[in-house]
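This is entry-v1.csv. It holds CSV, C-alpha atoms.
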chain,number,residue,atom,x,y,z
A,1,MET,CA,59.8,-21.8,-143.3
A,2,ILE,CA,63.1,-23.4,-142.5
A,3,ARG,CA,64.8,-20.0,-142.2
A,4,THR,CA,62.0,-18.7,-140.0
A,5,ALA,CA,62.3,-21.7,-137.6
A,6,TRP,CA,66.0,-21.2,-137.5
A,7,VAL,CA,65.7,-17.5,-136.7
A,8,PHE,CA,63.2,-18.3,-133.9
A,9,LEU,CA,65.5,-21.0,-132.5
A,10,VAL,CA,68.6,-18.8,-132.5
A,11,GLY,CA,66.5,-15.9,-131.1
A,12,PHE,CA,65.3,-18.1,-128.2
A,13,PHE,CA,68.7,-19.3,-127.2
A,14,ALA,CA,70.3,-15.9,-127.8
A,15,THR,CA,67.7,-14.3,-125.5
A,16,ILE,CA,68.2,-16.9,-122.8
A,17,TYR,CA,72.0,-16.4,-123.0
A,18,HIS,CA,72.3,-12.6,-123.3
A,19,ALA,CA,69.3,-11.6,-121.2
A,20,GLY,CA,70.1,-14.2,-118.6
A,21,ASN,CA,73.7,-12.9,-118.3
A,22,VAL,CA,72.4,-9.4,-117.7
A,23,VAL,CA,69.8,-10.5,-115.1
A,24,LEU,CA,72.5,-12.4,-113.2
A,25,ARG,CA,75.0,-9.6,-113.3
A,26,ASN,CA,72.3,-7.1,-112.2
A,27,ARG,CA,71.5,-9.3,-109.2
A,28,PHE,CA,74.9,-10.5,-108.1
A,29,TRP,CA,77.7,-8.4,-109.7
A,30,ARG,CA,76.7,-4.9,-110.9
A,31,ARG,CA,80.2,-3.7,-111.7
A,32,ASN,CA,80.4,-2.5,-115.3
A,33,LEU,CA,76.7,-3.3,-115.7
A,34,HIS,CA,76.2,-0.6,-118.3
A,35,TRP,CA,79.0,-2.1,-120.4
A,36,ALA,CA,77.5,-5.5,-120.1
A,37,CYS,CA,74.0,-4.2,-121.1
A,38,ASP,CA,75.4,-2.5,-124.2
A,39,LYS,CA,77.3,-5.5,-125.3
A,40,ALA,CA,74.4,-7.9,-124.7
A,41,ALA,CA,71.9,-5.8,-126.7
A,42,ARG,CA,74.3,-5.6,-129.7
A,43,ARG,CA,75.3,-9.3,-129.6
A,44,TRP,CA,71.7,-10.4,-129.2
A,45,SER,CA,70.6,-8.4,-132.2
A,46,GLN,CA,73.6,-9.5,-134.3
A,47,ASN,CA,72.8,-13.1,-133.6
A,48,ILE,CA,69.3,-12.7,-134.9
A,49,LEU,CA,70.3,-10.8,-137.9
A,50,TRP,CA,73.0,-13.4,-138.7
A,51,ALA,CA,70.4,-16.2,-138.4
A,52,ALA,CA,68.1,-14.4,-140.7
A,53,ASN,CA,70.9,-13.6,-143.2
A,54,VAL,CA,70.1,-9.9,-143.0
A,55,ARG,CA,72.7,-7.4,-143.9
A,56,VAL,CA,72.5,-3.8,-142.5
A,57,VAL,CA,73.9,-0.8,-144.3
A,58,LEU,CA,74.3,2.6,-142.5
A,59,GLU,CA,74.1,5.9,-144.3
A,60,GLY,CA,74.7,9.4,-142.7
A,61,VAL,CA,76.4,8.0,-139.6
A,62,GLU,CA,78.3,11.3,-139.3
A,63,ASN,CA,75.0,12.9,-138.2
A,64,LEU,CA,75.1,11.1,-134.8
A,65,ARG,CA,76.9,12.6,-131.8
A,66,ALA,CA,78.7,9.8,-130.0
A,67,HIS,CA,79.1,11.4,-126.6
A,68,GLU,CA,76.2,13.8,-126.2
A,69,PRO,CA,72.5,13.2,-125.4
A,70,GLN,CA,70.1,13.1,-128.4
A,71,ILE,CA,66.8,11.6,-129.4
A,72,ILE,CA,66.6,9.3,-132.4
A,73,VAL,CA,63.1,9.2,-134.0
A,74,SER,CA,62.6,6.4,-136.4
A,75,ASN,CA,59.8,4.9,-138.6
A,76,HIS,CA,58.6,1.5,-137.5
A,77,GLN,CA,57.5,-1.2,-139.9
A,78,SER,CA,59.0,-4.4,-138.7
A,79,GLY,CA,60.2,-6.2,-135.6
A,80,PHE,CA,63.6,-6.2,-137.3
A,81,ASP,CA,63.8,-2.4,-137.0
A,82,VAL,CA,64.9,-2.9,-133.4
A,83,PHE,CA,67.5,-5.5,-134.3
A,84,ALA,CA,69.0,-3.4,-137.0
A,85,LEU,CA,69.2,-0.3,-134.8
A,86,ALA,CA,70.4,-2.1,-131.7
A,87,ALA,CA,73.1,-4.0,-133.6
A,88,HIS,CA,74.6,-1.1,-135.6
A,89,LEU,CA,74.0,2.3,-134.0
A,90,PRO,CA,77.5,3.5,-133.1
A,91,VAL,CA,76.4,5.2,-129.9
A,92,ARG,CA,75.3,4.1,-126.4
A,93,TYR,CA,71.5,4.0,-126.5
A,94,ARG,CA,68.3,3.1,-124.7
A,95,PHE,CA,65.0,2.3,-126.3
A,96,VAL,CA,61.5,3.4,-125.4
A,97,ALA,CA,58.8,0.7,-126.0
A,98,LYS,CA,55.4,-0.5,-124.8
A,99,ARG,CA,55.1,-1.9,-121.2
A,100,GLU,CA,54.5,-5.4,-122.4
A,101,LEU,CA,58.1,-5.9,-123.3
A,102,GLY,CA,59.1,-5.4,-119.7
A,103,GLU,CA,56.8,-8.3,-118.8
A,104,VAL,CA,58.4,-10.9,-121.0
A,105,PRO,CA,60.2,-13.5,-118.8
A,106,ILE,CA,64.0,-13.1,-118.5
A,107,PHE,CA,64.0,-10.6,-121.4
A,108,GLY,CA,61.8,-8.1,-119.6
A,109,SER,CA,64.0,-8.2,-116.4
A,110,ALA,CA,67.1,-7.6,-118.5
A,111,TRP,CA,65.3,-4.8,-120.5
A,112,ILE,CA,64.3,-2.9,-117.3
A,113,GLY,CA,67.6,-3.6,-115.5
A,114,CYS,CA,69.6,-2.1,-118.4
A,115,GLY,CA,67.6,1.1,-118.2
A,116,HIS,CA,65.4,0.7,-121.3
A,117,VAL,CA,62.0,2.4,-120.8
A,118,SER,CA,58.7,0.6,-120.7
A,119,VAL,CA,55.7,2.9,-121.2
A,120,ASP,CA,52.2,2.1,-120.0
A,121,ARG,CA,50.1,3.5,-122.8
A,122,GLY,CA,46.9,3.1,-120.8
A,123,ASN,CA,48.2,5.2,-117.9
A,124,ARG,CA,49.2,8.6,-119.0
A,125,GLU,CA,50.6,9.7,-115.6
A,126,ALA,CA,52.7,6.6,-115.2
A,127,ALA,CA,54.0,6.9,-118.8
A,128,ILE,CA,55.1,10.5,-118.2
A,129,GLU,CA,56.8,9.5,-114.9
A,130,SER,CA,58.7,6.7,-116.6
A,131,LEU,CA,59.9,8.9,-119.4
A,132,ASP,CA,60.9,11.7,-117.0
A,133,GLN,CA,62.9,9.4,-114.8
A,134,ALA,CA,64.6,7.7,-117.8
A,135,TRP,CA,65.4,11.0,-119.4
A,136,ARG,CA,67.2,12.3,-116.3
A,137,GLU,CA,69.4,9.2,-116.3
A,138,ILE,CA,70.0,9.4,-120.1
A,139,HIS,CA,70.8,13.1,-120.0
A,140,GLU,CA,73.3,12.6,-117.1
A,141,GLU,CA,75.0,9.7,-118.9
A,142,LYS,CA,74.9,11.4,-122.3
A,143,LEU,CA,73.1,8.5,-123.9
A,144,THR,CA,70.9,8.3,-127.0
A,145,MET,CA,67.2,7.7,-126.6
A,146,VAL,CA,65.5,5.8,-129.4
A,147,LEU,CA,61.8,6.2,-130.0
A,148,PHE,CA,59.3,5.1,-132.7
A,149,PRO,CA,56.9,8.1,-132.7
A,150,GLU,CA,54.3,6.2,-134.8
A,151,GLY,CA,53.7,4.2,-131.6
A,152,THR,CA,53.4,0.8,-133.4
A,153,ARG,CA,54.5,-0.9,-136.6
A,154,SER,CA,53.0,0.4,-139.8
A,155,PRO,CA,50.7,-2.2,-141.4
A,156,ASP,CA,51.7,-1.4,-145.0
A,157,GLY,CA,55.1,0.3,-144.6
A,158,ARG,CA,53.7,3.8,-145.1
A,159,LEU,CA,54.7,6.5,-142.6
A,160,THR,CA,51.7,7.1,-140.2
A,161,GLN,CA,50.9,9.9,-137.8
A,162,PHE,CA,53.3,10.6,-135.0
A,163,LYS,CA,52.6,10.9,-131.3
A,164,LYS,CA,54.0,13.9,-129.4
A,165,GLY,CA,56.0,12.3,-126.6
A,166,ALA,CA,59.4,12.3,-128.3
A,167,PHE,CA,59.1,15.9,-129.2
A,168,VAL,CA,58.0,17.0,-125.7
A,169,LEU,CA,61.1,15.2,-124.3
A,170,ALA,CA,63.4,16.8,-126.8
A,171,VAL,CA,62.1,20.3,-125.9
A,172,GLN,CA,62.4,19.5,-122.1
A,173,GLY,CA,66.0,18.3,-122.6
A,174,GLN,CA,66.9,20.9,-125.2
A,175,VAL,CA,68.6,18.1,-127.2
A,176,PRO,CA,68.6,17.5,-130.9
A,177,LEU,CA,66.2,15.2,-132.7
A,178,VAL,CA,67.9,12.8,-135.2
A,179,PRO,CA,65.5,11.5,-137.9
A,180,VAL,CA,66.2,7.9,-139.0
A,181,ALA,CA,64.5,6.0,-141.8
A,182,VAL,CA,64.6,2.2,-141.6
A,183,VAL,CA,64.3,0.9,-145.2
A,184,GLY,CA,63.9,-2.7,-146.2
A,185,SER,CA,62.9,-4.3,-142.9
A,186,ARG,CA,59.3,-4.9,-143.9
A,187,ALA,CA,60.5,-7.2,-146.7
A,188,VAL,CA,62.4,-9.2,-144.1
A,189,MET,CA,59.4,-9.5,-141.7
A,190,ALA,CA,56.1,-7.7,-142.2
A,191,LYS,CA,53.7,-6.8,-139.4
A,192,GLY,CA,51.2,-9.6,-138.8
A,193,SER,CA,53.5,-12.2,-140.3
A,194,LEU,CA,55.9,-14.6,-138.6
A,195,ARG,CA,57.8,-15.5,-141.8
A,196,VAL,CA,61.4,-14.2,-142.0
A,197,ARG,CA,63.2,-13.6,-145.3
A,198,SER,CA,66.8,-12.7,-145.9
A,199,GLY,CA,67.6,-9.3,-147.2
A,200,THR,CA,69.2,-5.9,-146.7
A,201,ILE,CA,68.1,-3.2,-144.2
A,202,THR,CA,69.3,0.3,-144.7
A,203,LEU,CA,69.5,2.8,-141.8
A,204,ARG,CA,69.4,6.3,-143.2
A,205,ILE,CA,70.4,8.8,-140.6
A,206,GLY,CA,69.3,12.4,-141.3
A,207,THR,CA,70.5,15.8,-140.3
A,208,PRO,CA,69.8,16.6,-136.6
A,209,ILE,CA,66.9,19.0,-135.9
A,210,SER,CA,67.9,21.5,-133.2
A,211,THR,CA,65.6,22.1,-130.3
A,212,GLU,CA,67.8,24.8,-128.7
A,213,GLY,CA,65.6,27.7,-127.5
A,214,THR,CA,62.4,25.9,-128.2
A,215,THR,CA,59.4,25.7,-125.8
A,216,ILE,CA,56.5,23.3,-125.5
A,217,ARG,CA,54.6,25.3,-128.0
A,218,ASP,CA,57.1,24.2,-130.7
A,219,ARG,CA,56.4,20.5,-130.3
A,220,ASN,CA,54.0,20.3,-133.3
A,221,ARG,CA,56.5,22.1,-135.5
A,222,LEU,CA,59.3,19.7,-134.4
A,223,LEU,CA,56.9,16.7,-135.0
A,224,GLU,CA,56.1,17.9,-138.5
A,225,ALA,CA,59.8,18.6,-139.3
A,226,SER,CA,60.8,15.1,-138.1
A,227,TRP,CA,57.9,13.4,-140.0
A,228,GLU,CA,58.9,15.2,-143.2
A,229,ALA,CA,62.6,14.4,-142.7
A,230,ILE,CA,61.9,10.7,-142.2
A,231,ALA,CA,59.5,10.6,-145.2
A,232,ALA,CA,62.2,12.1,-147.4
A,233,LEU,CA,64.9,9.7,-146.1
A,234,LYS,CA,62.8,6.7,-146.8
A,235,GLY,CA,61.4,8.0,-150.1
A,236,GLY,CA,58.2,7.9,-148.3
A,237,GLU,CA,54.5,8.6,-148.8
A,238,GLU,CA,52.6,11.6,-147.6
A,239,VAL,CA,49.5,11.8,-145.5
A,240,PRO,CA,47.4,15.0,-145.1
A,241,ASP,CA,48.4,15.9,-141.6
A,242,PRO,CA,51.1,14.1,-139.6
A,243,THR,CA,49.8,15.6,-136.3
A,244,HIS,CA,46.3,14.2,-136.7
A,245,HIS,CA,45.1,11.4,-134.4

Starting from the file, lay out its structure as structure tokens.
Amino acid sequence: MIRTAWVFLVGFFATIYHAGNVVLRNRFWRRNLHWACDKAARRWSQNILWAANVRVVLEGVENLRAHEPQIIVSNHQSGFDVFALAAHLPVRYRFVAKRELGEVPIFGSAWIGCGHVSVDRGNREAAIESLDQAWREIHEEKLTMVLFPEGTRSPDGRLTQFKKGAFVLAVQGQVPLVPVAVVGSRAVMAKGSLRVRSGTITLRIGTPISTEGTTIRDRNRLLEASWEAIAALKGGEEVPDPTHH
């Protein structure tokens, strides 16, 4: 419990410092704001990983395109998935997450100000509008969009069904889907638990899945291919139908 308390203490002050810095720059001095946002996200995540004594290992980094738009689709089993990805992805990125993150004091203002996307799951039209607006910016700036197509953290670590949003976006933008498996994060902090343990998280980056020439009718095929790729990367479990809701 001492480690857990230490992680939450470091996380609190790291959030105040890094998010507060972004909020102030966004309001008073927007020059090089994108650079400040990228740095803040990485340092914030690194601070929390350091406090938790969590090591992150990258595999398959050659599959990422540093200066071209792409969509990373990743499994999601722990809050530490975000820290591992944000601290170690060697590309400029933006995350897509639930609207509630944008409502967290200080952090939420920094999150939105840096161009990360908050999606209102209860309002389909607003969610689509948010994603479309974000995607235009990301495509123009050649950034990487990171999504967790399961929609929420897996309760037992097994790969669950995917939602279709990421695959519709990939088709619309004609950009590759990059499957990523996060392995080991659930042992650090499982869903439903506040206890933090030290450990190693491995990010396994798979071969990009091309969307060139695809149409909206291909979204289910891309979804299934991504699910199978992530399951293979994580040495994962199977479910009867990854498209079933």

Residue among A:Asn63, A:Ser154, A:Gln133, A:Ser193 lying closest to Val178 (chain A), counting all atoms listed in the file
A:Asn63

Quick one: residues within 9 Å of Val10 (chain A), all atoms listed in the file, excluding same-chain residues fewer than 5 positions away - as JSON, numbers by chain?
{"A": [5, 15, 47, 48, 51]}

Keeping only C-alpha atoms, write the selected residues to a file as a PDB file, in the frame of the given file.
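Saved result, result-v9.pdb, follows:
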ATOM      1  CA  ALA A   5      62.300 -21.700-137.600  1.00  0.00           C
ATOM      2  CA  THR A  15      67.700 -14.300-125.500  1.00  0.00           C
ATOM      3  CA  ASN A  47      72.800 -13.100-133.600  1.00  0.00           C
ATOM      4  CA  ILE A  48      69.300 -12.700-134.900  1.00  0.00           C
ATOM      5  CA  ALA A  51      70.400 -16.200-138.400  1.00  0.00           C
TER       6      ALA A  51
END

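Remark: for Val56 (chain A), the closest of the candidate residues A:Ile71, A:Val175, A:Val182, A:Ala231 is A:Val182 (distances computed over all atoms listed in the file).
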
Within 8 Å of (74.9, 11.5, -124.6) (file coordinates; all atoms listed in the file), which protein or nucleic acid residues are there? I'd like them as a PDB file with C-alpha atoms, in the frame of the given file.
ATOM      1  CA  ARG A  65      76.900  12.600-131.800  1.00  0.00           C
ATOM      2  CA  ALA A  66      78.700   9.800-130.000  1.00  0.00           C
ATOM      3  CA  HIS A  67      79.100  11.400-126.600  1.00  0.00           C
ATOM      4  CA  GLU A  68      76.200  13.800-126.200  1.00  0.00           C
ATOM      5  CA  PRO A  69      72.500  13.200-125.400  1.00  0.00           C
ATOM      6  CA  GLN A  70      70.100  13.100-128.400  1.00  0.00           C
ATOM      7  CA  ARG A  92      75.300   4.100-126.400  1.00  0.00           C
ATOM      8  CA  ILE A 138      70.000   9.400-120.100  1.00  0.00           C
ATOM      9  CA  HIS A 139      70.800  13.100-120.000  1.00  0.00           C
ATOM     10  CA  GLU A 140      73.300  12.600-117.100  1.00  0.00           C
ATOM     11  CA  GLU A 141      75.000   9.700-118.900  1.00  0.00           C
ATOM     12  CA  LYS A 142      74.900  11.400-122.300  1.00  0.00           C
ATOM     13  CA  LEU A 143      73.100   8.500-123.900  1.00  0.00           C
ATOM     14  CA  THR A 144      70.900   8.300-127.000  1.00  0.00           C
TER      15      THR A 144
END

Around the point (71.1, 14.2, -144.5) in the file's coordinates, collect all residues with an atom within 9 Å, using only C-alpha atoms, and return them as a PyMOL selection string.
chain A and resi 59-60+63+204-208+229+233
